[in-house]
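All remarks here apply to the structure that follows.
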Amino acid sequence: MKDNIEIVAVTYDGGGKDIPYFEKTKTFWVYYYVDGKQKKDELLELYPDDGDDLTAQMQKSMIDKIICKNIGPKALAAMRRAGIEVYTFDGAKGAAIRAYRRSELRPL
């Protein structure tokens, strides 16, 4: 978290159903919180094709935390090295972000 700003990304597959696995998407709903209050959300598509990997793209987007259905060990290790916390959730994106905000999720 940067000062009083927190940026949380939830994996998204274009539907309203369960959030996908981290490695299965390049699209994320990003939620911006200032002093614990949501200020905005937006859809973010990452295409790491210019030599950057997805971890570097996440860092450039200043993402603090990721919520996904699951994540592979290599991707998890890369996120940890980058200082990005990863949470897993099996359900829809709205339920995922609500569970996170209620402190019901724990980082991997």
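Going through the structure tokens in order, the chains are called A, B, and so on, while each chain numbers its residues from 1 and the ligands are numbered from 1 in the order shown.
Counting only C-alpha atoms, Ile5 in chain A has the following residues at most 10 Å away, ignoring those fewer than 6 positions along the same chain: Tyr32, Tyr33, Val34, Asp35, Gly36, Lys37, Gln38, Lys39 and Asp64 of chain A.
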**OP:** Give the strand (DSSP E or B) residues of chain A, as assigned by DSSP on the backbone, as a PyMOL selection string.
**Re:** chain A and resi 2+5-12+18+27-34+37-45+65-68+85-88+92
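Residues lying within 10 Å of Tyr12 in chain A, counting only C-alpha atoms and ignoring same-chain neighbours fewer than 3 positions away, are Ala9, Gly15, Gly16, Lys17, Asp18, Ile19, Pro20, Tyr21, Phe22, Lys24, Thr25, Lys26, Thr27, Phe28, Trp29, Val30, Leu43, Leu44, Glu45, Ile67, Cys68, Ala92 and Lys93 of chain A.
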**OP:** Would you mind listing what lies within 6 Å of Ile84 in chain A as an NGL selection string, with only C-alpha atoms counted and same-chain residues fewer than 4 positions away left out?
**Re:** :A and (64-65 or 79-80)
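Taking only C-alpha atoms into account, Thr88 in chain A lies nearest to A:Leu108 out of the set A:Leu54, A:Ile7, A:Leu108, A:Ile63.
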Subject >> Atomic distance CA of Asp90 in chain A - CA of Asn4 in chain A, expressed in Å with one decimal >> reply: 28.2 Å
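CA of Glu104 in chain A lies 21.7 Å from CA of Lys40 in chain A.
One distance worth recording is that between CA of Gly91 in chain A and CA of Lys69 in chain A, which is 7.7 Å.
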